[in-house]
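Report on one structure; see the data block that follows.
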Amino acid sequence: MEDSRKFYLLVVIHLDVMKKETQSIPSELGEMELIVQNVVEQHLGKVESIERLRTGICNEVFAIEHNGVGYIVRMNKNVAEMRGSSLFIPKLDALGIRVPKIVAEEYNTSHVGFGYQILERLPGTDLGNVIESLSIEQLKSVAVDVAEIFCKLRTVPTDGTYGLVMDEHGGKFSNWLDWMKDDLKISEQRARKTGFIQQIVHLVKPVHRTLDRYEFYFVQVPSTTYYGDIAGKNVLVDNGKFSGLVDLDALAYGDWLEAIGRIRASWYGSDYGETYTRAVMDALELNDEQRSMVCVYSLHHRFAWMCENGVAFNANTTGTIDQEKAMRDIDIVSRLLQECA
């Protein structure tokens, strides 16, 4: 899971320029499918197929086809949660980053009960779906392209704030330390709400002690532009090559090493994950101190993801604690604590 630790419902319909097998429209459509069909037909014409994709913890995803071409329709009742794409996609496109183009957009929710965007779908699938099958050379190739995204985004000026950026108003924090503390607080609140905190209470203080050692570092972090959710999801790979970046509702201001830590955390302990993470760090020419901070951020993210166990974010997740996952997460967090010691 890479994190998409967001509290809103987002419906995403990806548009695929490559033909793929999708289920044809059923005789009885669900409520959301009917809305999707109506929205697409208003702008493009007859919808040939609709497929609901069970991906992500924040999104409801539908793949559709019109004239043999796929499209993306993204919907949200709270348009503030999705409007960032309208702002950031043109900016990333201007930097030469491969992103989907917006075909149509509407932010007046009175029409269909949702604001929405229709976007093209780039070829490929999420990196997390194929990373195990990629060769070392393919992993390194994707890593170089991802590193280039970091380099390009670092040239975009910030307003000096920190945190998630979803519009022109920047982040909500005045320094990076406050963002770290707030993110950790939210994670623990989730675990308390589900009762899962009882199973991980022995890890809470060690995680706090480890992160507290870096307060001096966090408080001095400059505000830098980066894209945070750049690990298993949103990085598209087609035939072993990077094919684009999607789900661009938000950028981030702060320490871009946090996103590298997210990458390492996503596949911690796997050979392919370590190969890919090292390749990204090598392409960015990280020094020893920066690589140490990647480990710290990996701990931060694995702890946060562990705290999500049992949280029902949307229809793709349940409110039941997965005990097998809990044991795996506890083991990984324990290993990262030792590594960061």
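Going by the structure tokens order, chains are called A, B, ..., each with residues numbered from 1, while ligands are numbered from 1 in the order shown.
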I want to know what sits within 12 Å of Asn38 in chain A, based on only C-alpha atoms, with residues of the same chain fewer than 2 positions away left out; could you give that as an mmCIF file with C-alpha atoms, in the first residue's frame?
data_model
loop_
_atom_site.group_PDB
_atom_site.id
_atom_site.type_symbol
_atom_site.label_atom_id
_atom_site.label_comp_id
_atom_site.auth_asym_id
_atom_site.auth_seq_id
_atom_site.Cartn_x
_atom_site.Cartn_y
_atom_site.Cartn_z
ATOM 1 C CA LEU A 29 -25.758 -1.194 -13.699
ATOM 2 C CA GLU A 31 -25.621 3.474 -9.055
ATOM 3 C CA MET A 32 -22.005 4.534 -9.572
ATOM 4 C CA GLU A 33 -21.740 2.772 -12.932
ATOM 5 C CA LEU A 34 -24.819 4.631 -14.143
ATOM 6 C CA ILE A 35 -23.313 7.953 -13.097
ATOM 7 C CA VAL A 36 -20.060 7.043 -14.833
ATOM 8 C CA VAL A 40 -18.869 9.855 -20.220
ATOM 9 C CA GLU A 41 -21.746 9.831 -22.718
ATOM 10 C CA GLN A 42 -22.356 13.550 -22.157
ATOM 11 C CA HIS A 43 -18.815 14.341 -23.284
ATOM 12 C CA LEU A 44 -17.736 11.490 -25.557
ATOM 13 C CA GLY A 45 -20.668 9.365 -26.626
ATOM 14 C CA LYS A 46 -21.681 5.759 -26.136
ATOM 15 C CA VAL A 47 -19.794 3.747 -23.539
ATOM 16 C CA ILE A 50 -17.383 -0.482 -17.820
ATOM 17 C CA ILE A 64 -14.327 2.305 -19.481
ATOM 18 C CA VAL A 73 -13.485 9.701 -15.090
ATOM 19 C CA HIS A 111 -25.218 18.154 -12.086
ATOM 20 C CA VAL A 112 -24.549 14.540 -11.087
ATOM 21 C CA TYR A 116 -15.551 14.948 -12.065
#
When you look at range 254-269 of chain A with a cut-off of 6 Å (counting only C-alpha atoms), what residues show up, excluding the ones that are within fewer than 6 positions of it in the same chain? I need them as a PDB file with C-alpha atoms, in the first residue's frame.
ATOM      1  CA  TYR A 162       5.128  22.162   4.508  1.00  0.00           C
ATOM      2  CA  SER A 223      10.510  23.381   1.869  1.00  0.00           C
ATOM      3  CA  THR A 224      10.978  21.529  -1.427  1.00  0.00           C
ATOM      4  CA  TYR A 226       8.014  16.655  -4.598  1.00  0.00           C
ATOM      5  CA  GLY A 228       4.899  11.786  -2.326  1.00  0.00           C
ATOM      6  CA  ALA A 231       5.985   3.994  -4.884  1.00  0.00           C
ATOM      7  CA  THR A 277      15.426   1.545  -4.128  1.00  0.00           C
ATOM      8  CA  VAL A 294      15.645   7.107   3.893  1.00  0.00           C
ATOM      9  CA  TYR A 297      11.358   7.557   6.731  1.00  0.00           C
ATOM     10  CA  SER A 298      10.892   3.876   5.871  1.00  0.00           C
TER      11      SER A 298
END
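Here CA of Gly68 in chain A stands at a distance of 12.4 Å from CA of Arg121 in chain A.
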Using only C-alpha atoms, pick whichever of A:Ala250, A:Met327, A:Met281, A:Leu286 has the shortest atom-to-atom distance to Glu168 in chain A.
A:Ala250
DSSP says alpha helix (DSSP H) for which residues of range 38-153 of chain A? Put them as JSON, numbers by chain?
{"A": [38, 39, 40, 41, 42, 43, 84, 85, 86, 87, 88, 89, 90, 91, 92, 93, 94, 127, 128, 129, 130, 136, 137, 138, 139, 140, 141, 142, 143, 144, 145, 146, 147, 148, 149, 150, 151, 152, 153]}
Neighbours of Ser85 in chain A within 6 Å (only C-alpha atoms; same-chain residues fewer than 2 positions away dropped), as a short mmCIF file (atom, residue, chain, number, x, y, z; two decimals) with C-alpha atoms, in the first residue's frame?
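Below you can see part22.cif, which holds the result:
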data_model
loop_
_atom_site.label_atom_id
_atom_site.label_comp_id
_atom_site.auth_asym_id
_atom_site.auth_seq_id
_atom_site.Cartn_x
_atom_site.Cartn_y
_atom_site.Cartn_z
CA ARG A 83 -9.21 19.68 -8.09
CA LEU A 87 -3.69 22.53 -11.28
CA PHE A 88 -0.77 20.09 -11.18
CA ILE A 89 -1.15 18.08 -14.39
CA LEU A 248 -1.97 13.86 -9.25
CA ASP A 249 -4.44 15.46 -6.86
#
With a distance cut-off of 12 Å and only C-alpha atoms, select the neighbouring residues of Lys101 in chain A, excluding the residue or stretch itself and same-chain residues fewer than 4 positions from it, and output the selection as number ranges by chain.
A: 14-17, 71-73, 85-94, 97, 105, 117-122, 244-248
To one decimal place in Å, what is the distance between CA of Val207 in chain A and CA of Ile321 in chain A?
21.2 Å
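Taking only C-alpha atoms, the non-local environment of Leu299 in chain A within 7 Å (same-chain residues fewer than 4 positions away omitted) comprises Cys295, Phe303, Val333, Leu336 and Leu337 of chain A.
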Write the residues of the selection above to a file with C-alpha atoms, as a PDB file, in the first residue's frame.
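New file again-v5.pdb:
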ATOM      1  CA  CYS A 295      15.775   4.346   6.515  1.00  0.00           C
ATOM      2  CA  PHE A 303       4.587   2.095  11.260  1.00  0.00           C
ATOM      3  CA  VAL A 333       8.789  -2.425  11.985  1.00  0.00           C
ATOM      4  CA  LEU A 336      13.576  -1.246  10.818  1.00  0.00           C
ATOM      5  CA  LEU A 337      13.914  -0.129  14.439  1.00  0.00           C
TER       6      LEU A 337
END
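When DSSP is run on the backbone, the residues of range 110-320 of chain A that fall into strand (DSSP E or B) are Gly115, Tyr116, Gln117, Ile118, Leu119, Glu120, Thr125, Asp126, Tyr162, Gly163, Leu164, Val165, Phe173, Thr224, Thr225, Tyr226, Val235, Leu236, Val237, Asp238, Lys241, Phe242, Ser243, Gly244, Leu245, Leu251, Ala252, Tyr253 and Gly254 of chain A.
For the pair CA of Arg291 in chain A and CA of Pro222 in chain A, the separation is 17.3 Å.
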Neighbours of range 133-135 of chain A within 12 Å (only C-alpha atoms; same-chain residues fewer than 2 positions away dropped), as a PyMOL selection string?
chain A and resi 127-131+137-143+237-242+271-273+275-276
Please, could you write that set of residues out with N, CA and C atoms as a PDB file, in the first residue's frame?
ATOM      1  N   LEU A 127       3.455   0.087 -10.961  1.00  0.00           N
ATOM      2  CA  LEU A 127       4.725  -0.597 -10.728  1.00  0.00           C
ATOM      3  C   LEU A 127       4.568  -1.748  -9.747  1.00  0.00           C
ATOM      4  N   GLY A 128       3.763  -1.552  -8.714  1.00  0.00           N
ATOM      5  CA  GLY A 128       3.582  -2.595  -7.716  1.00  0.00           C
ATOM      6  C   GLY A 128       3.008  -3.883  -8.263  1.00  0.00           C
ATOM      7  N   ASN A 129       2.318  -3.807  -9.399  1.00  0.00           N
ATOM      8  CA  ASN A 129       1.728  -5.008  -9.995  1.00  0.00           C
ATOM      9  C   ASN A 129       2.749  -5.863 -10.730  1.00  0.00           C
ATOM     10  N   VAL A 130       3.878  -5.260 -11.107  1.00  0.00           N
ATOM     11  CA  VAL A 130       4.825  -5.981 -11.972  1.00  0.00           C
ATOM     12  C   VAL A 130       6.254  -5.973 -11.460  1.00  0.00           C
ATOM     13  N   ILE A 131       6.536  -5.301 -10.365  1.00  0.00           N
ATOM     14  CA  ILE A 131       7.924  -5.126  -9.945  1.00  0.00           C
ATOM     15  C   ILE A 131       8.652  -6.445  -9.741  1.00  0.00           C
ATOM     16  N   GLU A 137      17.906  -4.793 -15.007  1.00  0.00           N
ATOM     17  CA  GLU A 137      18.079  -3.664 -15.922  1.00  0.00           C
ATOM     18  C   GLU A 137      16.791  -2.858 -16.065  1.00  0.00           C
ATOM     19  N   GLN A 138      15.655  -3.546 -16.085  1.00  0.00           N
ATOM     20  CA  GLN A 138      14.377  -2.831 -16.169  1.00  0.00           C
ATOM     21  C   GLN A 138      14.116  -2.027 -14.897  1.00  0.00           C
ATOM     22  N   LEU A 139      14.429  -2.611 -13.738  1.00  0.00           N
ATOM     23  CA  LEU A 139      14.274  -1.892 -12.477  1.00  0.00           C
ATOM     24  C   LEU A 139      15.127  -0.629 -12.466  1.00  0.00           C
ATOM     25  N   LYS A 140      16.348  -0.755 -12.949  1.00  0.00           N
ATOM     26  CA  LYS A 140      17.246   0.405 -12.974  1.00  0.00           C
ATOM     27  C   LYS A 140      16.754   1.460 -13.958  1.00  0.00           C
ATOM     28  N   SER A 141      16.184   1.018 -15.063  1.00  0.00           N
ATOM     29  CA  SER A 141      15.668   1.960 -16.055  1.00  0.00           C
ATOM     30  C   SER A 141      14.498   2.760 -15.494  1.00  0.00           C
ATOM     31  N   VAL A 142      13.556   2.065 -14.839  1.00  0.00           N
ATOM     32  CA  VAL A 142      12.421   2.755 -14.226  1.00  0.00           C
ATOM     33  C   VAL A 142      12.918   3.699 -13.134  1.00  0.00           C
ATOM     34  N   ALA A 143      13.898   3.242 -12.362  1.00  0.00           N
ATOM     35  CA  ALA A 143      14.439   4.058 -11.273  1.00  0.00           C
ATOM     36  C   ALA A 143      15.030   5.363 -11.782  1.00  0.00           C
ATOM     37  N   VAL A 237       4.126   1.351 -15.522  1.00  0.00           N
ATOM     38  CA  VAL A 237       5.166   0.634 -16.259  1.00  0.00           C
ATOM     39  C   VAL A 237       4.507  -0.141 -17.383  1.00  0.00           C
ATOM     40  N   ASP A 238       5.063  -0.004 -18.581  1.00  0.00           N
ATOM     41  CA  ASP A 238       4.540  -0.697 -19.759  1.00  0.00           C
ATOM     42  C   ASP A 238       5.688  -1.414 -20.455  1.00  0.00           C
ATOM     43  N   ASN A 239       5.585  -2.736 -20.549  1.00  0.00           N
ATOM     44  CA  ASN A 239       6.646  -3.540 -21.167  1.00  0.00           C
ATOM     45  C   ASN A 239       8.010  -3.258 -20.550  1.00  0.00           C
ATOM     46  N   GLY A 240       8.029  -3.145 -19.226  1.00  0.00           N
ATOM     47  CA  GLY A 240       9.286  -2.984 -18.514  1.00  0.00           C
ATOM     48  C   GLY A 240       9.847  -1.582 -18.500  1.00  0.00           C
ATOM     49  N   LYS A 241       9.084  -0.616 -19.028  1.00  0.00           N
ATOM     50  CA  LYS A 241       9.579   0.758 -19.080  1.00  0.00           C
ATOM     51  C   LYS A 241       8.585   1.709 -18.417  1.00  0.00           C
ATOM     52  N   PHE A 242       9.108   2.773 -17.823  1.00  0.00           N
ATOM     53  CA  PHE A 242       8.254   3.795 -17.233  1.00  0.00           C
ATOM     54  C   PHE A 242       7.379   4.412 -18.312  1.00  0.00           C
ATOM     55  N   ASP A 271      14.414  -8.657  -2.581  1.00  0.00           N
ATOM     56  CA  ASP A 271      15.579  -8.372  -3.423  1.00  0.00           C
ATOM     57  C   ASP A 271      15.247  -7.317  -4.471  1.00  0.00           C
ATOM     58  N   TYR A 272      14.073  -7.470  -5.110  1.00  0.00           N
ATOM     59  CA  TYR A 272      13.724  -6.510  -6.167  1.00  0.00           C
ATOM     60  C   TYR A 272      13.478  -5.126  -5.588  1.00  0.00           C
ATOM     61  N   GLY A 273      12.899  -5.079  -4.380  1.00  0.00           N
ATOM     62  CA  GLY A 273      12.673  -3.796  -3.739  1.00  0.00           C
ATOM     63  C   GLY A 273      13.969  -3.092  -3.394  1.00  0.00           C
ATOM     64  N   THR A 275      16.874  -3.622  -4.837  1.00  0.00           N
ATOM     65  CA  THR A 275      17.533  -3.254  -6.098  1.00  0.00           C
ATOM     66  C   THR A 275      16.956  -1.962  -6.649  1.00  0.00           C
ATOM     67  N   TYR A 276      15.641  -1.876  -6.646  1.00  0.00           N
ATOM     68  CA  TYR A 276      14.978  -0.685  -7.187  1.00  0.00           C
ATOM     69  C   TYR A 276      15.276   0.547  -6.332  1.00  0.00           C
TER      70      TYR A 276
END
In terms of the shortest atom-to-atom distance over only C-alpha atoms, which of A:Asp322, A:Ser270, A:Ala147, A:Ala63 is closest to Asp282 in chain A?
A:Ala147
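Closest approach to Arg328 in chain A among A:Ile200, A:Gly160, A:Val221, A:Ala312: A:Ile200, based on only C-alpha atoms.
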So which residues touch Ile186 in chain A within 12 Å, counting only C-alpha atoms, skipping near sequence neighbours fewer than 4 positions away, as a ChimeraX atom specification?
/A:5-7,179-182,190-193,303-305,307-308
Could the residues in this selection be written to a file with C-alpha atoms, as a PDB file, in the first residue's frame?
ATOM      1  CA  ARG A   5      -3.531   8.071   3.709  1.00  0.00           C
ATOM      2  CA  LYS A   6      -6.488  10.284   2.699  1.00  0.00           C
ATOM      3  CA  PHE A   7      -9.967  10.544   4.102  1.00  0.00           C
ATOM      4  CA  TRP A 179       4.224  17.552   9.717  1.00  0.00           C
ATOM      5  CA  MET A 180       6.091  14.484  11.007  1.00  0.00           C
ATOM      6  CA  LYS A 181       4.457  14.744  14.425  1.00  0.00           C
ATOM      7  CA  ASP A 182       0.993  15.242  12.949  1.00  0.00           C
ATOM      8  CA  ARG A 190      -6.333   5.089  13.643  1.00  0.00           C
ATOM      9  CA  ALA A 191      -4.862   2.192  15.588  1.00  0.00           C
ATOM     10  CA  ARG A 192      -6.620   3.312  18.764  1.00  0.00           C
ATOM     11  CA  LYS A 193      -9.949   3.616  16.981  1.00  0.00           C
ATOM     12  CA  PHE A 303       4.587   2.095  11.260  1.00  0.00           C
ATOM     13  CA  ALA A 304       1.866   4.279   9.735  1.00  0.00           C
ATOM     14  CA  TRP A 305       0.736   1.559   7.326  1.00  0.00           C
ATOM     15  CA  CYS A 307      -1.664   1.334  12.061  1.00  0.00           C
ATOM     16  CA  GLU A 308      -4.129   1.227   9.148  1.00  0.00           C
TER      17      GLU A 308
END
